>>> print(open('data25.txt').read())   # compact mmCIF, C-alpha atoms
# COMPACT_ATOMS: atom_id res chain seq x y z
CA MET A 297 -32.10 16.38 31.69
CA THR A 298 -30.03 15.68 34.76
CA PRO A 299 -26.27 15.05 34.46
CA ALA A 300 -26.91 11.35 35.14
CA GLU A 301 -29.51 11.17 32.37
CA ILE A 302 -27.17 12.97 29.98
CA GLU A 303 -24.44 10.45 30.78
CA LEU A 304 -26.76 7.48 30.16
CA PHE A 305 -28.00 9.02 26.91
CA ILE A 306 -24.63 9.75 25.33
CA GLU A 307 -23.08 6.44 26.44
CA ALA A 308 -25.72 4.65 24.38
CA VAL A 309 -24.51 6.40 21.23
CA PRO A 310 -21.59 4.65 19.42
CA VAL A 311 -20.16 7.80 17.79
CA PRO A 312 -18.05 10.30 19.79
CA LEU A 313 -20.36 12.81 21.52
CA ILE A 314 -19.71 15.81 23.77
CA VAL A 315 -22.53 17.70 25.49
CA ILE A 316 -21.94 21.36 26.40
CA GLY A 317 -24.29 23.11 28.82
CA ALA A 318 -25.78 26.60 28.67
CA ASP A 319 -22.87 27.85 30.85
CA ALA A 320 -20.43 26.72 28.11
CA ARG A 321 -19.07 23.95 30.33
CA ILE A 322 -18.73 20.34 29.24
CA GLU A 323 -21.50 18.28 30.84
CA GLY A 324 -20.82 14.92 29.29
CA ILE A 325 -18.30 12.96 27.21
CA ASN A 326 -19.13 9.42 26.07
CA ARG A 327 -16.58 6.64 25.86
CA PRO A 328 -15.68 7.03 22.12
CA ALA A 329 -15.10 10.77 22.66
CA ALA A 330 -13.09 10.13 25.82
CA GLU A 331 -10.76 7.85 23.83
CA ILE A 332 -10.01 10.84 21.59
CA PHE A 333 -10.11 13.81 23.95
CA GLY A 334 -9.97 12.24 27.43
CA ARG A 335 -12.42 12.92 30.26
CA VAL A 336 -10.31 15.56 31.99
CA GLY A 337 -12.35 18.33 30.38
CA GLN A 338 -15.66 17.35 31.96
CA GLY A 339 -17.03 20.25 34.04
CA ARG A 340 -14.58 22.73 32.51
CA HIS A 341 -15.14 25.44 29.91
CA TYR A 342 -15.22 23.90 26.44
CA SER A 343 -12.43 26.21 25.19
CA LEU A 344 -9.95 24.41 27.44
CA GLN A 345 -10.66 21.12 25.65
CA LEU A 346 -11.78 22.12 22.14
CA ARG A 347 -9.35 24.73 20.89
CA GLN A 348 -10.19 24.75 17.17
CA PRO A 349 -11.69 28.15 16.17
CA SER A 350 -14.20 26.51 13.82
CA VAL A 351 -15.56 24.33 16.63
CA ALA A 352 -15.75 27.30 18.99
CA GLN A 353 -17.77 29.18 16.37
CA LEU A 354 -20.17 26.24 16.02
CA ILE A 355 -20.72 26.15 19.78
CA GLU A 356 -21.27 29.90 20.02
CA ASN A 357 -23.80 29.85 17.19
CA ALA A 358 -25.66 26.94 18.74
CA LEU A 359 -25.73 28.41 22.26
CA GLY A 360 -26.36 32.03 21.32
CA LEU A 361 -28.53 31.72 18.22
CA GLY A 362 -29.81 28.16 18.35
CA HIS A 363 -28.25 27.41 14.96
CA ALA A 364 -27.01 23.95 14.01
CA GLY A 365 -23.86 23.68 11.95
CA GLN A 366 -20.90 21.56 11.00
CA ALA A 367 -17.19 21.96 10.33
CA ARG A 368 -14.19 19.83 9.47
CA ILE A 369 -11.20 19.73 11.81
CA ARG A 370 -7.78 18.11 11.77
CA ARG A 371 -6.22 16.77 14.92
CA VAL A 372 -2.57 15.72 15.14
CA GLU A 373 -1.89 12.76 17.39
CA GLY A 374 1.79 11.77 17.61
CA GLU A 375 2.96 11.25 14.03
CA GLY A 376 -0.56 10.66 12.72
CA GLU A 377 -3.39 12.96 11.80
CA GLN A 378 -7.12 12.53 12.36
CA ILE A 379 -9.81 14.29 10.35
CA PHE A 380 -13.27 14.78 11.86
CA GLN A 381 -16.56 16.15 10.59
CA VAL A 382 -18.03 17.94 13.64
CA LYS A 383 -21.79 18.52 13.82
CA ALA A 384 -23.25 20.87 16.45
CA THR A 385 -26.94 20.47 17.36
CA PRO A 386 -28.81 22.70 19.85
CA LEU A 387 -30.83 20.65 22.37
CA GLN A 388 -32.82 22.17 25.26
CA GLY A 389 -30.36 24.98 25.89
CA ARG A 390 -27.37 22.69 25.40
CA VAL A 391 -25.16 21.80 22.45
CA VAL A 392 -24.48 18.24 21.34
CA LEU A 393 -21.26 17.82 19.36
CA ALA A 394 -20.96 14.67 17.23
CA PHE A 395 -17.61 13.71 15.70
CA GLU A 396 -17.45 11.60 12.54
CA ASP A 397 -13.98 10.20 11.88
CA LEU A 398 -13.14 10.74 8.20
CA SER A 399 -9.48 9.75 8.48
CA GLN A 400 -9.76 6.41 6.65
CA THR A 401 -12.05 7.86 4.00
CA GLU A 402 -9.65 10.74 3.35
CA ALA A 403 -6.68 8.35 3.26
CA ALA A 404 -8.49 6.12 0.75
CA ASN A 405 -9.37 9.13 -1.40
CA GLN A 406 -5.75 10.28 -1.34
CA ILE A 407 -4.55 6.80 -2.34
CA ARG A 408 -7.03 6.79 -5.23
CA ARG A 409 -5.91 10.25 -6.38
CA ASP A 410 -2.25 9.24 -6.20
CA PHE A 411 -2.99 6.01 -8.04
CA VAL A 412 -4.80 7.77 -10.88
CA ALA A 413 -2.02 10.37 -11.12
CA ASN A 414 0.67 7.67 -11.23
CA VAL A 415 -1.14 5.61 -13.87
CA SER A 416 -1.73 8.74 -15.96
CA HIS A 417 1.94 9.66 -15.73
CA GLU A 418 3.13 6.13 -16.55
CA LEU A 419 0.94 6.01 -19.66
CA LYS A 420 1.33 9.60 -20.78
CA THR A 421 5.12 9.43 -21.18
CA PRO A 422 5.21 6.55 -23.69
CA LEU A 423 2.05 7.78 -25.45
CA THR A 424 3.63 11.20 -25.97
CA ALA A 425 6.74 9.52 -27.37
CA LEU A 426 4.67 7.35 -29.71
CA MET A 427 2.72 10.35 -31.00
CA GLY A 428 5.96 12.18 -31.69
CA PHE A 429 7.49 9.24 -33.55
CA ILE A 430 4.36 8.69 -35.62
CA GLU A 431 4.34 12.36 -36.61
CA THR A 432 8.02 12.18 -37.54
CA LEU A 433 7.59 8.98 -39.56
CA ARG A 434 4.73 10.57 -41.47
CA GLY A 435 6.80 13.66 -42.19
CA PRO A 436 10.59 14.24 -42.19
CA ALA A 437 11.57 10.57 -41.70
CA ARG A 438 9.11 9.14 -44.21
CA ASN A 439 11.89 8.01 -46.52
CA ASP A 440 14.70 7.72 -43.95
CA GLU A 441 15.13 3.97 -43.52
CA ALA A 442 17.66 4.19 -40.67
CA ALA A 443 15.53 6.63 -38.66
CA ARG A 444 12.42 4.57 -39.35
CA ASP A 445 14.03 1.38 -38.00
CA ARG A 446 15.32 3.21 -34.92
CA PHE A 447 11.94 4.82 -34.19
CA LEU A 448 10.05 1.57 -34.73
CA GLY A 449 12.37 -0.15 -32.27
CA ILE A 450 11.66 2.48 -29.62
CA MET A 451 7.94 2.34 -30.34
CA ASP A 452 8.02 -1.43 -29.91
CA ARG A 453 9.68 -1.10 -26.49
CA GLU A 454 7.25 1.61 -25.34
CA THR A 455 4.15 -0.32 -26.40
CA ALA A 456 5.52 -3.44 -24.69
CA ARG A 457 6.00 -1.44 -21.47
CA MET A 458 2.45 -0.08 -21.67
CA ASN A 459 1.18 -3.62 -22.20
CA ARG A 460 3.09 -4.80 -19.10
CA LEU A 461 1.65 -1.91 -17.12
CA VAL A 462 -1.93 -2.72 -18.14
CA THR A 463 -1.31 -6.41 -17.40
CA ASP A 464 0.03 -5.59 -13.91
CA LEU A 465 -2.89 -3.25 -13.22
CA LEU A 466 -5.35 -6.01 -14.15
CA SER A 467 -3.40 -8.47 -12.04
CA LEU A 468 -3.45 -6.12 -9.06
CA SER A 469 -7.19 -5.65 -9.49
CA ARG A 470 -7.77 -9.43 -9.56
CA VAL A 471 -5.65 -9.94 -6.45
CA GLU A 472 -7.52 -7.24 -4.55
CA ALA A 473 -10.87 -8.71 -5.63
CA VAL A 474 -10.11 -12.01 -3.84
CA ALA A 475 -8.04 -10.56 -0.99
CA ARG A 476 -10.44 -11.87 1.69
CA GLN A 477 -10.79 -15.33 0.15
CA ARG A 478 -8.16 -17.58 1.63
CA PRO A 479 -6.79 -20.16 -0.88
CA SER A 480 -8.04 -23.71 -0.32
CA ASP A 481 -5.70 -25.79 -2.53
CA GLU A 482 -2.57 -27.60 -1.34
CA VAL A 483 0.55 -26.61 -3.27
CA ASP A 484 4.18 -27.69 -3.36
CA VAL A 485 6.20 -24.50 -2.89
CA CYS A 486 9.49 -26.07 -4.00
CA ALA A 487 7.88 -27.29 -7.23
CA LEU A 488 6.51 -23.79 -7.92
CA LEU A 489 9.91 -22.20 -7.32
CA GLY A 490 11.58 -24.81 -9.52
CA SER A 491 9.10 -24.08 -12.30
CA ALA A 492 9.72 -20.33 -12.01
CA LEU A 493 13.49 -20.87 -12.12
CA ASN A 494 13.22 -23.07 -15.22
CA ALA A 495 11.13 -20.43 -16.99
CA LEU A 496 13.71 -17.75 -16.18
CA LYS A 497 16.76 -19.86 -17.02
CA PRO A 498 17.31 -18.10 -20.40
CA LEU A 499 17.30 -14.70 -18.64
CA ALA A 500 19.88 -15.94 -16.11
CA GLU A 501 22.10 -17.34 -18.88
CA GLU A 502 21.84 -14.11 -20.86
CA ALA A 503 22.82 -12.10 -17.77
CA GLY A 504 25.65 -14.52 -16.91
CA VAL A 505 24.24 -15.12 -13.42
CA GLU A 506 24.69 -18.39 -11.53
CA VAL A 507 21.50 -19.56 -9.86
CA VAL A 508 22.00 -21.68 -6.71
CA ARG A 509 18.96 -23.73 -5.72
CA ASP A 510 18.22 -25.20 -2.31
CA LEU A 511 14.77 -26.74 -2.74
CA PRO A 512 14.70 -29.84 -0.51
CA ALA A 513 12.22 -32.64 -1.07
CA GLY A 514 9.79 -33.71 1.59
CA LEU A 515 8.72 -30.30 2.84
CA PRO A 516 5.03 -30.05 3.76
CA LEU A 517 2.48 -28.62 1.37
CA VAL A 518 0.87 -25.24 2.07
CA MET A 519 -2.61 -23.92 1.40
CA GLY A 520 -2.19 -21.64 -1.59
CA ASP A 521 -3.07 -20.43 -5.06
CA ALA A 522 -0.48 -21.98 -7.37
CA ASP A 523 -0.81 -19.33 -10.10
CA GLN A 524 -0.53 -16.42 -7.69
CA LEU A 525 2.45 -17.87 -5.80
CA THR A 526 4.19 -18.61 -9.10
CA GLN A 527 3.64 -14.96 -10.01
CA VAL A 528 5.27 -13.87 -6.74
CA PHE A 529 8.29 -16.14 -7.13
CA THR A 530 8.75 -15.24 -10.80
CA ASN A 531 8.69 -11.54 -9.95
CA LEU A 532 11.23 -11.89 -7.12
CA ILE A 533 13.62 -14.04 -9.15
CA GLU A 534 13.33 -11.79 -12.21
CA ASN A 535 14.05 -8.72 -10.04
CA ALA A 536 17.08 -10.44 -8.52
CA LEU A 537 18.44 -11.23 -11.99
CA LYS A 538 17.80 -7.74 -13.35
CA TYR A 539 18.80 -5.55 -10.41
CA GLY A 540 21.05 -7.80 -8.31
CA GLY A 541 22.59 -9.97 -10.98
CA GLY A 542 25.71 -7.81 -11.02
CA GLY A 543 26.99 -9.94 -8.14
CA GLY A 544 27.13 -12.93 -10.48
CA ARG A 545 25.04 -15.21 -8.28
CA ILE A 546 21.56 -15.45 -6.81
CA GLU A 547 20.38 -18.02 -4.28
CA VAL A 548 16.86 -19.43 -4.04
CA SER A 549 16.00 -21.56 -1.03
CA VAL A 550 13.11 -22.96 1.01
CA THR A 551 13.37 -23.96 4.66
CA ARG A 552 10.90 -24.92 7.37
CA GLU A 553 10.76 -22.74 10.47
CA GLU A 554 9.06 -24.21 13.50
CA ARG A 555 7.81 -20.86 14.71
CA VAL A 556 7.52 -17.48 13.01
CA ALA A 557 6.58 -14.92 15.65
CA THR A 558 4.42 -12.78 13.37
CA LEU A 559 2.48 -15.86 12.22
CA ARG A 560 2.35 -17.48 15.66
CA GLY A 561 3.23 -20.85 14.28
CA PRO A 562 5.30 -22.88 11.81
CA ALA A 563 5.89 -21.70 8.26
CA LEU A 564 7.87 -22.28 5.11
CA ARG A 565 10.49 -19.61 4.50
CA CYS A 566 11.21 -18.86 0.82
CA ASP A 567 14.31 -16.71 0.22
CA VAL A 568 15.49 -15.06 -2.99
CA ARG A 569 18.92 -13.55 -2.29
CA ASP A 570 21.18 -11.65 -4.65
CA HIS A 571 24.69 -10.29 -4.21
CA GLY A 572 24.24 -7.07 -6.12
CA PRO A 573 24.41 -3.43 -5.02
CA GLY A 574 21.84 -3.82 -2.23
CA ILE A 575 19.16 -1.33 -1.22
CA ASP A 576 19.46 1.77 0.93
CA PRO A 577 17.54 1.20 4.21
CA LEU A 578 15.64 4.43 3.55
CA HIS A 579 13.89 2.81 0.58
CA ILE A 580 13.02 -0.59 2.06
CA PRO A 581 9.79 0.43 3.91
CA ARG A 582 8.38 1.90 0.68
CA LEU A 583 9.40 -0.75 -1.85
CA THR A 584 5.98 -2.41 -1.81
CA GLU A 585 4.14 0.86 -2.49
CA ARG A 586 2.53 1.08 -5.92
CA PHE A 587 4.81 2.73 -8.50
CA TYR A 588 7.60 3.32 -5.96
CA ARG A 589 11.03 2.88 -7.51
CA VAL A 590 14.51 3.26 -6.03
CA ASP A 591 15.85 4.31 -9.44
CA SER A 592 12.97 5.33 -11.70
CA HIS A 593 15.04 5.70 -14.87
CA ARG A 594 16.82 2.35 -14.48
CA SER A 595 13.59 0.57 -13.60
CA ARG A 596 11.86 1.87 -16.73
CA GLU A 597 14.86 0.96 -18.87
CA MET A 598 14.62 -2.60 -17.49
CA GLY A 599 10.90 -2.72 -18.29
CA GLY A 600 9.66 -2.39 -14.71
CA THR A 601 6.19 -1.03 -13.99
CA GLY A 602 6.66 -0.29 -10.28
CA LEU A 603 3.80 -2.66 -9.39
CA GLY A 604 5.53 -6.03 -9.05
CA LEU A 605 6.33 -5.88 -5.33
CA ALA A 606 2.96 -4.33 -4.52
CA ILE A 607 1.27 -7.30 -6.23
CA ALA A 608 3.58 -9.72 -4.41
CA LYS A 609 2.74 -8.18 -1.03
CA HIS A 610 -1.01 -8.40 -1.73
CA ILE A 611 -0.74 -12.05 -2.78
CA VAL A 612 1.29 -12.99 0.30
CA ALA A 613 -1.22 -11.17 2.51
CA ARG A 614 -4.06 -13.15 0.89
CA HIS A 615 -2.19 -16.33 1.91
CA ARG A 616 -2.01 -14.97 5.50
CA GLY A 617 1.76 -14.92 5.12
CA ARG A 618 4.45 -12.30 5.62
CA PHE A 619 6.67 -10.50 3.13
CA GLN A 620 10.07 -9.34 4.32
CA ILE A 621 12.87 -7.35 2.65
CA GLU A 622 16.39 -7.19 4.06
CA SER A 623 19.53 -5.72 2.55
CA GLU A 624 23.05 -4.55 3.21
CA LEU A 625 23.98 -1.66 0.95
CA GLY A 626 26.68 -2.64 -1.50
CA GLN A 627 26.56 -6.30 -0.47
CA TRP A 628 23.27 -8.13 -0.92
CA ALA A 629 19.47 -8.03 -0.85
CA CYS A 630 17.09 -10.75 0.30
CA PHE A 631 13.36 -10.99 -0.37
CA THR A 632 11.58 -13.46 1.90
CA VAL A 633 8.09 -14.94 1.78
CA PHE A 634 6.75 -16.71 4.87
CA LEU A 635 3.82 -19.06 4.18
CA PRO A 636 2.00 -20.51 7.21
CA LEU A 637 1.70 -24.25 7.66
CA GLU A 638 -1.71 -25.50 8.77
>>> encode(input="data25.txt", output="structure tokens")
Amino acid sequence: MTPAEIELFIEAVPVPLIVIGADARIEGINRPAAEIFGRVGQGRHYSLQLRQPSVAQLIENALGLGHAGQARIRRVEGEGEQIFQVKATPLQGRVVLAFEDLSQTEAANQIRRDFVANVSHELKTPLTALMGFIETLRGPARNDEAARDRFLGIMDRETARMNRLVTDLLSLSRVEAVARQRPSDEVDVCALLGSALNALKPLAEEAGVEVVRDLPAGLPLVMGDADQLTQVFTNLIENALKYGGGGGRIEVSVTREERVATLRGPALRCDVRDHGPGIDPLHIPRLTERFYRVDSHRSREMGGTGLGLAIAKHIVARHRGRFQIESELGQWACFTVFLPLE
């Protein structure tokens, strides 16, 4: 094949390809490969462009022995990392290298492993405690009424937390199942927030927190899933009462913004602001990760599962909205939901 024919051939292939000639020089790089490695290596010895020892070994085996082979390589680009499965195929005295990008697959596998590990840890701790209490109640504390009442109280709290965890996991699964289905019902956001506030009024009274509402009438309806949005607002208000209620006041408001840059159009802005201890800026980017907690012990004591904000983010994304967290350490924290107006 002539160099021109090689170029036409590899450009027709959608996966990254590099062709190395019998003289160990690069004869062709198609567009997908050029986006990764650049075209500066064309006509040069392959070792100047492909420095991984495993790839060099593949090329040598293919050129010298006519053996096909494959290897996995990692390539660091800026702050990110790419993982490729490289396949070397001998072809008429040349070597064709094909690169399969496994980065997303590896990332998904890592997320799944982390998720399973986190769920296992979250369930194992209370289950271990329950097994210990049951063993104690069957043995030394069988006739100890005070110990029995204390252990049963702890067991009740632990089983309730496990039930919340399972409920949140099921909720997250349901949200992900319909993530690509945009809601088609019109909903009144102020009415949903008002309903969530009414349901949480006993919690606010118990915590001694004043709730300031600014839910004006006459705002336009949005396309949404009423149940899912109520879940988001309930979660945000409950978090504000539990973790930011120390400031004595939370504020819940809805306003119309004529243009939200990230949505490229008008939107309703829903704010839940507390005046508690605030959040360190280091934690804010990770708050919507599954099972991420700023204070793990305090969150568990409050009954948190570490999934609430992850669920909220998924629901807002399904509504083609934006979820924003702002805070000033020691002063306040504000959780904002932007919902686009059609």
>>> closest_atom_pairs(input="data25.txt", of="stretch 552-615 of chain A", to="stretch 490-509 of chain A", cutoff="12 Å", atoms="all atoms listed in the file", output="Markdown table")
| residue | atom | partner | partner_atom | distance |
| --- | --- | --- | --- | --- |
| A:Cys566 | CA | A:Arg509 | CA | 11.2 |
| A:Asp567 | CA | A:Arg509 | CA | 10.3 |
| A:Val568 | CA | A:Arg509 | CA | 9.7 |
| A:Arg569 | CA | A:Val508 | CA | 9.8 |
| A:Asp570 | CA | A:Val507 | CA | 9.5 |
| A:His571 | CA | A:Val505 | CA | 10.4 |
| A:Gly572 | CA | A:Val505 | CA | 10.9 |
>>> closest_residue(input="data25.txt", among="A:Ile316, A:Ile302, A:Met519, A:Ala557", to="A:Leu637", atoms="all atoms listed in the file")
A:Met519
>>> atom_distance(input="data25.txt", atom1="atom CA of A:Asn414", atom2="atom CA of A:Ser467")
16.7 Å
>>> closest_atom_pairs(input="data25.txt", of="stretch 429-531 of chain A", to="stretch 626-633 of chain A", cutoff="10 Å", atoms="all atoms listed in the file", output="JSON lines")
{"residue": "A:Leu525", "atom": "CA", "partner": "A:Val633", "partner_atom": "CA", "distance": 9.9}
{"residue": "A:Val528", "atom": "CA", "partner": "A:Val633", "partner_atom": "CA", "distance": 9.0}
{"residue": "A:Phe529", "atom": "CA", "partner": "A:Val633", "partner_atom": "CA", "distance": 9.0}
>>> atom_distance(input="data25.txt", atom1="atom CA of A:Pro312", atom2="atom CA of A:Ala394")
5.8 Å
>>> residues_around(input="data25.txt", residues="A:Leu361", least_positions_apart="5", cutoff="12 Å", atoms="all atoms listed in the file", output="PDB file with C-alpha atoms, in the frame of the given file")
ATOM      1  CA  ALA A 318     -25.780  26.600  28.670  1.00  0.00           C
ATOM      2  CA  GLN A 353     -17.770  29.180  16.370  1.00  0.00           C
ATOM      3  CA  LEU A 354     -20.170  26.240  16.020  1.00  0.00           C
ATOM      4  CA  ILE A 355     -20.720  26.150  19.780  1.00  0.00           C
ATOM      5  CA  GLU A 356     -21.270  29.900  20.020  1.00  0.00           C
ATOM      6  CA  THR A 385     -26.940  20.470  17.360  1.00  0.00           C
ATOM      7  CA  PRO A 386     -28.810  22.700  19.850  1.00  0.00           C
ATOM      8  CA  GLY A 389     -30.360  24.980  25.890  1.00  0.00           C
ATOM      9  CA  ARG A 390     -27.370  22.690  25.400  1.00  0.00           C
ATOM     10  CA  VAL A 391     -25.160  21.800  22.450  1.00  0.00           C
TER      11      VAL A 391
END
>>> closest_residue(input="data25.txt", among="A:Val556, A:Ala608, A:Leu359, A:Ile546", to="A:Arg586", atoms="all atoms listed in the file")
A:Ala608
>>> residues_around(input="data25.txt", residues="A:Pro562", least_positions_apart="6", cutoff="8 Å", atoms="only C-alpha atoms", output="PyMOL selection string")
chain A and resi 552-556+636-637
>>> atom_distance(input="data25.txt", atom1="atom CA of A:Leu393", atom2="atom CA of A:Gln406")
26.9 Å
>>> residues_near_point(input="data25.txt", point="(4.3, -25.8, -7.6)", cutoff="10 Å", atoms="only C-alpha atoms", output="PyMOL selection string")
chain A and resi 482-492+517+520-523+525-526
>>> write_last_selection(input="data25.txt", atoms="C-alpha atoms", output="mmCIF file, keeping the file's coordinate frame")
data_model
loop_
_atom_site.group_PDB
_atom_site.id
_atom_site.type_symbol
_atom_site.label_atom_id
_atom_site.label_comp_id
_atom_site.auth_asym_id
_atom_site.auth_seq_id
_atom_site.Cartn_x
_atom_site.Cartn_y
_atom_site.Cartn_z
ATOM 1 C CA GLU A 482 -2.570 -27.600 -1.340
ATOM 2 C CA VAL A 483 0.550 -26.610 -3.270
ATOM 3 C CA ASP A 484 4.180 -27.690 -3.360
ATOM 4 C CA VAL A 485 6.200 -24.500 -2.890
ATOM 5 C CA CYS A 486 9.490 -26.070 -4.000
ATOM 6 C CA ALA A 487 7.880 -27.290 -7.230
ATOM 7 C CA LEU A 488 6.510 -23.790 -7.920
ATOM 8 C CA LEU A 489 9.910 -22.200 -7.320
ATOM 9 C CA GLY A 490 11.580 -24.810 -9.520
ATOM 10 C CA SER A 491 9.100 -24.080 -12.300
ATOM 11 C CA ALA A 492 9.720 -20.330 -12.010
ATOM 12 C CA LEU A 517 2.480 -28.620 1.370
ATOM 13 C CA GLY A 520 -2.190 -21.640 -1.590
ATOM 14 C CA ASP A 521 -3.070 -20.430 -5.060
ATOM 15 C CA ALA A 522 -0.480 -21.980 -7.370
ATOM 16 C CA ASP A 523 -0.810 -19.330 -10.100
ATOM 17 C CA LEU A 525 2.450 -17.870 -5.800
ATOM 18 C CA THR A 526 4.190 -18.610 -9.100
#
>>> residues_around(input="data25.txt", residues="A:Pro577", least_positions_apart="5", cutoff="10 Å", atoms="only C-alpha atoms", output="PyMOL selection string")
chain A and resi 582+621-625
>>> residues_near_point(input="data25.txt", point="(-22.9, 21.8, 10.1)", cutoff="9 Å", atoms="only C-alpha atoms", output="list in words")
Leu354, Ala364, Gly365, Gln366, Ala367, Arg368, Gln381, Val382, Lys383, Ala384 and Thr385 of chain A
>>> closest_residue(input="data25.txt", among="A:Asn531, A:Ser480, A:Asn405, A:Thr601", to="A:Glu418", atoms="only C-alpha atoms")
A:Thr601
>>> closest_atom_pairs(input="data25.txt", of="stretch 376-436 of chain A", to="stretch 447-459 of chain A", cutoff="7 Å", atoms="all atoms listed in the file", output="JSON lines")
{"residue": "A:Leu419", "atom": "CA", "partner": "A:Met458", "partner_atom": "CA", "distance": 6.6}
{"residue": "A:Pro422", "atom": "CA", "partner": "A:Glu454", "partner_atom": "CA", "distance": 5.6}
{"residue": "A:Leu426", "atom": "CA", "partner": "A:Met451", "partner_atom": "CA", "distance": 6.0}
{"residue": "A:Phe429", "atom": "CA", "partner": "A:Phe447", "partner_atom": "CA", "distance": 6.3}
>>> residues_around(input="data25.txt", residues="A:Gly604", least_positions_apart="4", cutoff="10 Å", atoms="all atoms listed in the file", output="mmCIF file with C-alpha atoms, keeping the file's coordinate frame")
data_model
loop_
_atom_site.group_PDB
_atom_site.id
_atom_site.type_symbol
_atom_site.label_atom_id
_atom_site.label_comp_id
_atom_site.auth_asym_id
_atom_site.auth_seq_id
_atom_site.Cartn_x
_atom_site.Cartn_y
_atom_site.Cartn_z
ATOM 1 C CA LEU A 461 1.650 -1.910 -17.120
ATOM 2 C CA ASP A 464 0.030 -5.590 -13.910
ATOM 3 C CA LEU A 465 -2.890 -3.250 -13.220
ATOM 4 C CA SER A 467 -3.400 -8.470 -12.040
ATOM 5 C CA LEU A 468 -3.450 -6.120 -9.060
ATOM 6 C CA GLN A 527 3.640 -14.960 -10.010
ATOM 7 C CA VAL A 528 5.270 -13.870 -6.740
ATOM 8 C CA THR A 530 8.750 -15.240 -10.800
ATOM 9 C CA ASN A 531 8.690 -11.540 -9.950
ATOM 10 C CA LEU A 532 11.230 -11.890 -7.120
ATOM 11 C CA ASN A 535 14.050 -8.720 -10.040
ATOM 12 C CA LEU A 583 9.400 -0.750 -1.850
ATOM 13 C CA THR A 584 5.980 -2.410 -1.810
ATOM 14 C CA GLU A 585 4.140 0.860 -2.490
ATOM 15 C CA ARG A 586 2.530 1.080 -5.920
ATOM 16 C CA PHE A 587 4.810 2.730 -8.500
ATOM 17 C CA GLY A 600 9.660 -2.390 -14.710
ATOM 18 C CA ALA A 608 3.580 -9.720 -4.410
ATOM 19 C CA LYS A 609 2.740 -8.180 -1.030
#
>>> closest_residue(input="data25.txt", among="A:Asp576, A:Glu472, A:Glu323, A:Glu431", to="A:Glu303", atoms="only C-alpha atoms")
A:Glu323
>>> closest_residue(input="data25.txt", among="A:Gly574, A:Asn357, A:Ile322, A:Asp397", to="A:Gly543", atoms="all atoms listed in the file")
A:Gly574
